[in-house]
Amino acid sequence: RVSLETHGDSLHADFSATDPAARGPINCRWPSVASCVNYVLKAILDPELPSNAGAYRPLKITVADGTVLSARYPNAVCNANIITTQRIVDVLLGALSQAMPERVQAASCGTMNLLNVGGIDPKDGNYFQYIETYAGGQGAMHESSGMDAVQNHMTNTRNAPVEAIEAAYPLRVEFYGLVANSEGPGRHRGGLGMQRALRVLGEEVKLTVSSDRATVPPWGLFGGGPGRTSSSHIQKPDGSTHQLPSKVTTFVDGGDLIITETPGGGGWGEAIERDASAVANDVSEGLISAARAQDIYRVAVIPGTCALDEEGTNNLRS
């Protein structure tokens, strides 16, 4: 439970990170919680506010000791910034959306989606270590859709180019793009998640996945739908696949394909209120399917061209 108190008013929000697919510690400490509180309030009250002690002096942050937000020795502190801080931000924004709906976005992907691959490079026999956080969908806002495949909230990284990965590591990027139909539908849609497929070319390779939102999707606001959940799995050279939990450390074989899909962002407002031409444009760019446009947004497109079918759309929306 996180209690925010400012000028005599208080706001209470429960924080739960009990994803059924989670396997691994997600404990953090008080400074991480404070960073989230300061970030959220600055973002929605005054983004231009200088980040100094005076700006945050009116805030009182209380965290119960011995909880997931304030772990005590000998409990491990792990995945705090990768996962837990992202979910704290979601909780705070969700609570504050009731008071300031025009200033708060729907839930973003809710995780940094960290991938850690290490082993022996067969070219020289040396150890290698590839670590990267994968972007996800941004939550929609009251006046705009969320961005696709971007780092959200408590992050400070950007994607590694395909060429850099393949030049530095015994890995081959076989696919890298957006996950179609992963947006949270709404008057303004959430951003799409991303997918990357890495072919393992090394030996004695160990994989660690630190992700979240595998079963509980990022929520939408005011009628907006949730974004798609995350997914990680191993595909063997014979085509068979093995689904991974959202948090796991395991060995992979040379020739295996590691496929990671990150969550999309939540939508804002009712999907049927989304501008029909914007929906048709998403179909033409391959971001959503024609079937999804019809079933969720009630928008018809002309087969082959993906141009807006105005008559068909009017019939669907009536």
# chains A, B, ... in the order shown; residues from 1 in each chain; ligands from 1
>>> residues_around(residues="region 297-308 of chain A", least_positions_apart="5", cutoff="6 Å", atoms="only C-alpha atoms", output="ChimeraX atom specification")
/A:271-272,280,284,313,316-317
>>> write_last_selection(atoms="N, CA, C and O atoms", output="compact mmCIF listing (two decimals), in the first residue's frame")
# COMPACT_ATOMS: atom_id res chain seq x y z
N ALA A 271 -13.89 2.34 -28.34
CA ALA A 271 -13.28 2.07 -29.64
C ALA A 271 -14.16 2.52 -30.79
O ALA A 271 -13.67 2.95 -31.84
N ILE A 272 -15.49 2.44 -30.63
CA ILE A 272 -16.39 2.81 -31.70
C ILE A 272 -16.36 4.32 -31.99
O ILE A 272 -16.83 4.77 -33.02
N ALA A 280 -8.78 2.95 -40.64
CA ALA A 280 -8.45 2.45 -41.98
C ALA A 280 -6.96 2.61 -42.27
O ALA A 280 -6.34 1.75 -42.91
N SER A 284 -4.22 -0.21 -43.34
CA SER A 284 -3.37 -0.11 -44.53
C SER A 284 -1.89 -0.24 -44.19
O SER A 284 -1.11 -0.73 -45.02
N THR A 313 -19.00 1.35 -43.13
CA THR A 313 -18.72 1.81 -41.77
C THR A 313 -19.96 2.42 -41.13
O THR A 313 -20.27 2.17 -39.96
N LEU A 316 -22.18 -0.34 -40.05
CA LEU A 316 -21.68 -1.02 -38.86
C LEU A 316 -21.90 -0.18 -37.60
O LEU A 316 -22.29 -0.71 -36.54
N ARG A 317 -21.67 1.11 -37.71
CA ARG A 317 -21.73 1.98 -36.52
C ARG A 317 -23.16 2.42 -36.18
O ARG A 317 -23.38 2.98 -35.10
>>> residues_around(residues="Ser144 (chain A)", least_positions_apart="5", cutoff="10 Å", atoms="only C-alpha atoms", output="list in words")
Gln105, Gly139, Arg187, His188, Arg189, Gly190, Gly267 and Trp268 of chain A
>>> closest_atom_pairs(of="region 101-130 of chain A", to="region 194-200 of chain A", cutoff="12 Å", atoms="only C-alpha atoms", output="Markdown table")
| residue | atom | partner | partner_atom | distance |
| --- | --- | --- | --- | --- |
| A:Cys109 | CA | A:Met194 | CA | 10.5 |
| A:Met112 | CA | A:Met194 | CA | 11.9 |
| A:Asn113 | CA | A:Met194 | CA | 10.4 |
| A:Leu115 | CA | A:Leu198 | CA | 10.6 |
| A:Asn116 | CA | A:Leu198 | CA | 11.6 |
| A:Val117 | CA | A:Val200 | CA | 8.9 |
| A:Gly118 | CA | A:Val200 | CA | 10.0 |
| A:Gly119 | CA | A:Val200 | CA | 9.9 |
| A:Ile120 | CA | A:Val200 | CA | 10.8 |
| A:Asp121 | CA | A:Val200 | CA | 10.2 |
| A:Pro122 | CA | A:Val200 | CA | 11.2 |
| A:Phe128 | CA | A:Val200 | CA | 11.9 |
| A:Tyr130 | CA | A:Leu198 | CA | 11.1 |
>>> select_by_dssp(residues="region 30-134 of chain A", states="strand (DSSP E or B)", output="list in words")
Lys60, Ile61, Thr62, Val63, Leu114, Leu115, Asn116, Val117, Gly118, Gly119, Ile120, Tyr127, Phe128, Gln129, Tyr130, Ile131, Glu132 and Thr133 of chain A
>>> residues_around(residues="Leu221 (chain A)", least_positions_apart="5", cutoff="10 Å", atoms="only C-alpha atoms", output="PyMOL selection string")
chain A and resi 94+97-98+101+104-107+139-142+184+186+226+266-270
>>> write_last_selection(atoms="all heavy atoms", output="compact mmCIF listing (two decimals), in the first residue's frame")
# COMPACT_ATOMS: atom_id res chain seq x y z
N GLY A 94 -3.38 5.16 -12.48
CA GLY A 94 -4.75 4.68 -12.46
C GLY A 94 -5.58 5.35 -11.38
O GLY A 94 -6.74 5.71 -11.60
N SER A 97 -6.16 9.09 -12.29
CA SER A 97 -7.03 9.31 -13.44
C SER A 97 -8.45 9.66 -13.01
O SER A 97 -9.18 10.32 -13.75
CB SER A 97 -7.06 8.06 -14.32
OG SER A 97 -7.73 6.99 -13.68
N GLN A 98 -8.83 9.23 -11.82
CA GLN A 98 -10.17 9.55 -11.33
C GLN A 98 -10.30 11.03 -10.97
O GLN A 98 -11.40 11.59 -11.02
CB GLN A 98 -10.46 8.69 -10.10
CG GLN A 98 -10.35 7.19 -10.38
CD GLN A 98 -10.39 6.38 -9.10
OE1 GLN A 98 -11.33 6.51 -8.31
NE2 GLN A 98 -9.40 5.55 -8.88
N PRO A 101 -8.62 13.21 -15.16
CA PRO A 101 -8.71 12.33 -16.34
C PRO A 101 -8.03 12.90 -17.58
O PRO A 101 -7.57 12.15 -18.44
CB PRO A 101 -10.21 12.18 -16.55
CG PRO A 101 -10.83 13.34 -15.84
CD PRO A 101 -9.95 13.62 -14.68
N VAL A 104 -3.91 12.17 -17.43
CA VAL A 104 -3.36 10.84 -17.15
C VAL A 104 -3.58 9.92 -18.34
O VAL A 104 -4.66 9.89 -18.92
CB VAL A 104 -4.00 10.23 -15.88
CG1 VAL A 104 -3.50 8.81 -15.66
CG2 VAL A 104 -3.68 11.09 -14.67
N GLN A 105 -2.56 9.16 -18.70
CA GLN A 105 -2.67 8.20 -19.79
C GLN A 105 -3.06 6.83 -19.27
O GLN A 105 -2.92 6.53 -18.08
CB GLN A 105 -1.33 8.10 -20.54
CG GLN A 105 -0.21 7.55 -19.71
CD GLN A 105 1.13 7.54 -20.42
OE1 GLN A 105 2.18 7.47 -19.80
NE2 GLN A 105 1.13 7.62 -21.73
N ALA A 106 -3.55 6.00 -20.18
CA ALA A 106 -3.84 4.61 -19.84
C ALA A 106 -2.53 3.88 -19.55
O ALA A 106 -1.43 4.42 -19.78
CB ALA A 106 -4.59 3.94 -21.00
N ALA A 107 -2.63 2.66 -19.08
CA ALA A 107 -1.44 1.90 -18.72
C ALA A 107 -0.57 1.64 -19.95
O ALA A 107 -1.06 1.25 -21.01
CB ALA A 107 -1.82 0.58 -18.07
N GLY A 139 0.61 3.90 -23.33
CA GLY A 139 -0.82 4.08 -23.09
C GLY A 139 -1.35 5.31 -23.79
O GLY A 139 -0.66 6.32 -23.95
N ALA A 140 -2.60 5.22 -24.25
CA ALA A 140 -3.24 6.35 -24.94
C ALA A 140 -3.62 7.44 -23.96
O ALA A 140 -3.75 7.20 -22.75
CB ALA A 140 -4.47 5.86 -25.69
N MET A 141 -3.81 8.64 -24.48
CA MET A 141 -4.21 9.80 -23.69
C MET A 141 -5.53 10.36 -24.20
O MET A 141 -6.05 9.90 -25.21
CB MET A 141 -3.10 10.85 -23.73
CG MET A 141 -1.86 10.43 -22.95
SD MET A 141 -0.31 11.13 -23.60
CE MET A 141 0.06 9.97 -24.93
N HIS A 142 -6.06 11.36 -23.52
CA HIS A 142 -7.39 11.86 -23.86
C HIS A 142 -7.44 12.55 -25.21
O HIS A 142 -8.51 12.72 -25.80
CB HIS A 142 -7.90 12.81 -22.77
CG HIS A 142 -7.37 14.21 -22.88
ND1 HIS A 142 -6.06 14.52 -22.61
CD2 HIS A 142 -7.98 15.36 -23.24
CE1 HIS A 142 -5.89 15.82 -22.79
NE2 HIS A 142 -7.03 16.34 -23.17
N GLY A 184 -4.22 -1.48 -27.38
CA GLY A 184 -5.47 -1.42 -26.63
C GLY A 184 -6.44 -0.56 -27.41
O GLY A 184 -6.18 0.62 -27.67
N GLY A 186 -9.49 1.89 -28.58
CA GLY A 186 -10.13 3.01 -27.93
C GLY A 186 -10.34 4.15 -28.90
O GLY A 186 -9.93 4.09 -30.07
N PRO A 226 -7.84 -3.10 -23.06
CA PRO A 226 -6.47 -3.40 -22.63
C PRO A 226 -5.55 -3.70 -23.80
O PRO A 226 -6.00 -4.14 -24.87
CB PRO A 226 -6.64 -4.64 -21.75
CG PRO A 226 -7.84 -5.33 -22.33
CD PRO A 226 -8.76 -4.23 -22.80
N GLY A 266 -2.63 0.42 -23.20
CA GLY A 266 -4.09 0.50 -23.07
C GLY A 266 -4.68 1.63 -23.88
O GLY A 266 -4.02 2.62 -24.19
N GLY A 267 -5.94 1.48 -24.25
CA GLY A 267 -6.65 2.50 -25.04
C GLY A 267 -7.40 3.48 -24.17
O GLY A 267 -7.58 3.27 -22.97
N TRP A 268 -7.85 4.57 -24.78
CA TRP A 268 -8.58 5.63 -24.08
C TRP A 268 -9.92 5.85 -24.79
O TRP A 268 -9.96 6.13 -25.98
CB TRP A 268 -7.78 6.92 -24.09
CG TRP A 268 -8.48 8.08 -23.43
CD1 TRP A 268 -9.56 8.77 -23.89
CD2 TRP A 268 -8.16 8.68 -22.18
NE1 TRP A 268 -9.94 9.74 -23.01
CE2 TRP A 268 -9.10 9.71 -21.95
CE3 TRP A 268 -7.17 8.44 -21.23
CZ2 TRP A 268 -9.06 10.53 -20.81
CZ3 TRP A 268 -7.14 9.25 -20.09
CH2 TRP A 268 -8.07 10.27 -19.89
N GLY A 269 -11.02 5.72 -24.07
CA GLY A 269 -12.34 5.96 -24.64
C GLY A 269 -12.84 4.76 -25.43
O GLY A 269 -12.12 3.81 -25.70
N GLU A 270 -14.11 4.83 -25.83
CA GLU A 270 -14.74 3.74 -26.55
C GLU A 270 -14.15 3.58 -27.95
O GLU A 270 -13.97 4.56 -28.68
CB GLU A 270 -16.25 3.98 -26.66
CG GLU A 270 -16.97 4.09 -25.33
CD GLU A 270 -17.06 2.76 -24.60
OE1 GLU A 270 -16.86 1.72 -25.26
OE2 GLU A 270 -17.34 2.77 -23.39
>>> select_by_dssp(residues="region 77-170 of chain A", states="helix (DSSP H, G or I)", output="number ranges by chain")
A: 80-96, 162-168
>>> write_last_selection(atoms="C-alpha atoms", output="PDB file, in the first residue's frame")
ATOM      1  CA  ALA A  80      12.923  -3.495  -9.088  1.00  0.00           C
ATOM      2  CA  ASN A  81      13.525  -0.969 -11.863  1.00  0.00           C
ATOM      3  CA  ILE A  82      12.857  -3.414 -14.693  1.00  0.00           C
ATOM      4  CA  ILE A  83       9.373  -4.375 -13.523  1.00  0.00           C
ATOM      5  CA  THR A  84       8.191  -3.167 -10.129  1.00  0.00           C
ATOM      6  CA  THR A  85       8.676   0.572 -10.649  1.00  0.00           C
ATOM      7  CA  GLN A  86       6.736   0.353 -13.906  1.00  0.00           C
ATOM      8  CA  ARG A  87       3.810  -1.207 -12.087  1.00  0.00           C
ATOM      9  CA  ILE A  88       3.972   1.367  -9.300  1.00  0.00           C
ATOM     10  CA  VAL A  89       3.607   4.077 -11.942  1.00  0.00           C
ATOM     11  CA  ASP A  90       0.596   2.239 -13.404  1.00  0.00           C
ATOM     12  CA  VAL A  91      -1.076   2.124  -9.982  1.00  0.00           C
ATOM     13  CA  LEU A  92      -0.482   5.802  -9.278  1.00  0.00           C
ATOM     14  CA  LEU A  93      -1.687   6.905 -12.705  1.00  0.00           C
ATOM     15  CA  GLY A  94      -4.753   4.684 -12.461  1.00  0.00           C
ATOM     16  CA  ALA A  95      -5.707   6.204  -9.115  1.00  0.00           C
ATOM     17  CA  LEU A  96      -5.055   9.779 -10.217  1.00  0.00           C
ATOM     18  CA  VAL A 162      20.296  -5.069 -35.692  1.00  0.00           C
ATOM     19  CA  GLU A 163      23.717  -4.505 -37.265  1.00  0.00           C
ATOM     20  CA  ALA A 164      25.322  -3.778 -33.880  1.00  0.00           C
ATOM     21  CA  ILE A 165      23.889  -6.940 -32.321  1.00  0.00           C
ATOM     22  CA  GLU A 166      25.017  -9.195 -35.132  1.00  0.00           C
ATOM     23  CA  ALA A 167      28.471  -7.616 -35.309  1.00  0.00           C
ATOM     24  CA  ALA A 168      29.157  -7.923 -31.572  1.00  0.00           C
TER      25      ALA A 168
END
>>> atom_distance(atom1="CA of Asn75 (chain A)", atom2="CA of Ser35 (chain A)")
21.3 Å
>>> residues_around(residues="Gly177 (chain A)", least_positions_apart="4", cutoff="12 Å", atoms="only C-alpha atoms", output="list in words")
Tyr134, Ala135, Gly136, Asp148, Ala149, Asn159, Val162, Val173, Leu192, Gly193, Met194, Gln195, Arg196, Ala197, Ile259, Thr260, Glu261, Thr262, Gly286 and Leu287 of chain A
>>> closest_atom_pairs(of="region 233-284 of chain A", to="region 206-214 of chain A", cutoff="10 Å", atoms="only C-alpha atoms", output="JSON lines")
{"residue": "A:Leu244", "atom": "CA", "partner": "A:Val209", "partner_atom": "CA", "distance": 8.5}
{"residue": "A:Pro245", "atom": "CA", "partner": "A:Ala214", "partner_atom": "CA", "distance": 7.9}
{"residue": "A:Ser246", "atom": "CA", "partner": "A:Ser211", "partner_atom": "CA", "distance": 5.0}
{"residue": "A:Lys247", "atom": "CA", "partner": "A:Ser210", "partner_atom": "CA", "distance": 4.7}
{"residue": "A:Val248", "atom": "CA", "partner": "A:Val209", "partner_atom": "CA", "distance": 5.4}
{"residue": "A:Thr249", "atom": "CA", "partner": "A:Thr208", "partner_atom": "CA", "distance": 4.2}
{"residue": "A:Thr250", "atom": "CA", "partner": "A:Leu207", "partner_atom": "CA", "distance": 5.3}
{"residue": "A:Phe251", "atom": "CA", "partner": "A:Lys206", "partner_atom": "CA", "distance": 4.3}
{"residue": "A:Val252", "atom": "CA", "partner": "A:Lys206", "partner_atom": "CA", "distance": 6.0}
{"residue": "A:Asp253", "atom": "CA", "partner": "A:Lys206", "partner_atom": "CA", "distance": 8.7}
{"residue": "A:Ile258", "atom": "CA", "partner": "A:Leu207", "partner_atom": "CA", "distance": 9.0}
{"residue": "A:Thr260", "atom": "CA", "partner": "A:Val209", "partner_atom": "CA", "distance": 9.2}
{"residue": "A:Glu261", "atom": "CA", "partner": "A:Ala214", "partner_atom": "CA", "distance": 9.9}
{"residue": "A:Thr262", "atom": "CA", "partner": "A:Ser211", "partner_atom": "CA", "distance": 8.4}
{"residue": "A:Pro263", "atom": "CA", "partner": "A:Arg213", "partner_atom": "CA", "distance": 6.8}
{"residue": "A:Gly264", "atom": "CA", "partner": "A:Arg213", "partner_atom": "CA", "distance": 9.7}
>>> write_last_selection(atoms="C-alpha atoms", output="JSON list (two decimals), in the first residue's frame")
[["chain", "number", "residue", "atom", "x", "y", "z"],
["A", 244, "LEU", "CA", 8.57, -19.43, -21.26],
["A", 245, "PRO", "CA", 7.24, -17.79, -18.11],
["A", 246, "SER", "CA", 7.62, -14.04, -17.84],
["A", 247, "LYS", "CA", 10.57, -14.44, -15.44],
["A", 248, "VAL", "CA", 12.96, -17.30, -15.98],
["A", 249, "THR", "CA", 16.61, -18.35, -16.29],
["A", 250, "THR", "CA", 17.26, -21.35, -18.50],
["A", 251, "PHE", "CA", 19.74, -22.84, -20.96],
["A", 252, "VAL", "CA", 19.18, -22.70, -24.72],
["A", 253, "ASP", "CA", 20.86, -24.68, -27.48],
["A", 258, "ILE", "CA", 14.34, -16.80, -28.93],
["A", 260, "THR", "CA", 10.04, -12.08, -27.50],
["A", 261, "GLU", "CA", 6.81, -10.09, -27.81],
["A", 262, "THR", "CA", 6.24, -7.08, -25.55],
["A", 263, "PRO", "CA", 2.85, -5.78, -24.34],
["A", 264, "GLY", "CA", 0.83, -3.09, -26.05]]
>>> closest_residue(among="A:Leu257, A:Val216, A:Ala276, A:Ala71", to="Gln235 (chain A)", atoms="only C-alpha atoms")
A:Leu257
>>> decode(residues="region 263-279 of chain A", atoms="N, CA, C and O atoms", output="short mmCIF file (atom, residue, chain, number, x, y, z; two decimals), in the first residue's frame")
data_model
loop_
_atom_site.label_atom_id
_atom_site.label_comp_id
_atom_site.auth_asym_id
_atom_site.auth_seq_id
_atom_site.Cartn_x
_atom_site.Cartn_y
_atom_site.Cartn_z
N PRO A 263 4.26 -6.17 -24.42
CA PRO A 263 2.85 -5.78 -24.34
C PRO A 263 2.56 -4.49 -25.11
O PRO A 263 3.44 -3.65 -25.32
N GLY A 264 1.31 -4.35 -25.49
CA GLY A 264 0.83 -3.09 -26.05
C GLY A 264 0.32 -2.19 -24.95
O GLY A 264 0.21 -2.59 -23.79
N GLY A 265 -0.01 -0.95 -25.30
CA GLY A 265 -0.54 0.00 -24.32
C GLY A 265 -2.06 0.01 -24.32
O GLY A 265 -2.71 -0.37 -25.30
N GLY A 266 -2.63 0.42 -23.20
CA GLY A 266 -4.09 0.50 -23.07
C GLY A 266 -4.68 1.63 -23.88
O GLY A 266 -4.02 2.62 -24.19
N GLY A 267 -5.94 1.48 -24.25
CA GLY A 267 -6.65 2.50 -25.04
C GLY A 267 -7.40 3.48 -24.17
O GLY A 267 -7.58 3.27 -22.97
N TRP A 268 -7.85 4.57 -24.78
CA TRP A 268 -8.58 5.63 -24.08
C TRP A 268 -9.92 5.85 -24.79
O TRP A 268 -9.96 6.13 -25.98
N GLY A 269 -11.02 5.72 -24.07
CA GLY A 269 -12.34 5.96 -24.64
C GLY A 269 -12.84 4.76 -25.43
O GLY A 269 -12.12 3.81 -25.70
N GLU A 270 -14.11 4.83 -25.83
CA GLU A 270 -14.74 3.74 -26.55
C GLU A 270 -14.15 3.58 -27.95
O GLU A 270 -13.97 4.56 -28.68
N ALA A 271 -13.89 2.34 -28.34
CA ALA A 271 -13.28 2.07 -29.64
C ALA A 271 -14.16 2.52 -30.79
O ALA A 271 -13.67 2.95 -31.84
N ILE A 272 -15.49 2.44 -30.63
CA ILE A 272 -16.39 2.81 -31.70
C ILE A 272 -16.36 4.32 -31.99
O ILE A 272 -16.83 4.77 -33.02
N GLU A 273 -15.76 5.08 -31.07
CA GLU A 273 -15.64 6.52 -31.26
C GLU A 273 -14.36 6.92 -31.97
O GLU A 273 -14.16 8.10 -32.26
N ARG A 274 -13.50 5.95 -32.27
CA ARG A 274 -12.25 6.29 -32.96
C ARG A 274 -12.54 6.75 -34.38
O ARG A 274 -13.41 6.20 -35.07
N ASP A 275 -11.78 7.74 -34.82
CA ASP A 275 -11.94 8.27 -36.17
C ASP A 275 -11.78 7.14 -37.18
O ASP A 275 -10.76 6.42 -37.18
N ALA A 276 -12.78 6.97 -38.04
CA ALA A 276 -12.79 5.83 -38.97
C ALA A 276 -11.61 5.87 -39.93
O ALA A 276 -11.04 4.82 -40.28
N SER A 277 -11.22 7.05 -40.38
CA SER A 277 -10.09 7.14 -41.31
C SER A 277 -8.78 6.74 -40.63
O SER A 277 -7.89 6.16 -41.27
N ALA A 278 -8.66 7.02 -39.32
CA ALA A 278 -7.46 6.61 -38.58
C ALA A 278 -7.41 5.09 -38.46
O ALA A 278 -6.34 4.48 -38.56
N VAL A 279 -8.57 4.46 -38.28
CA VAL A 279 -8.62 3.00 -38.21
C VAL A 279 -8.22 2.39 -39.55
O VAL A 279 -7.43 1.46 -39.63
#
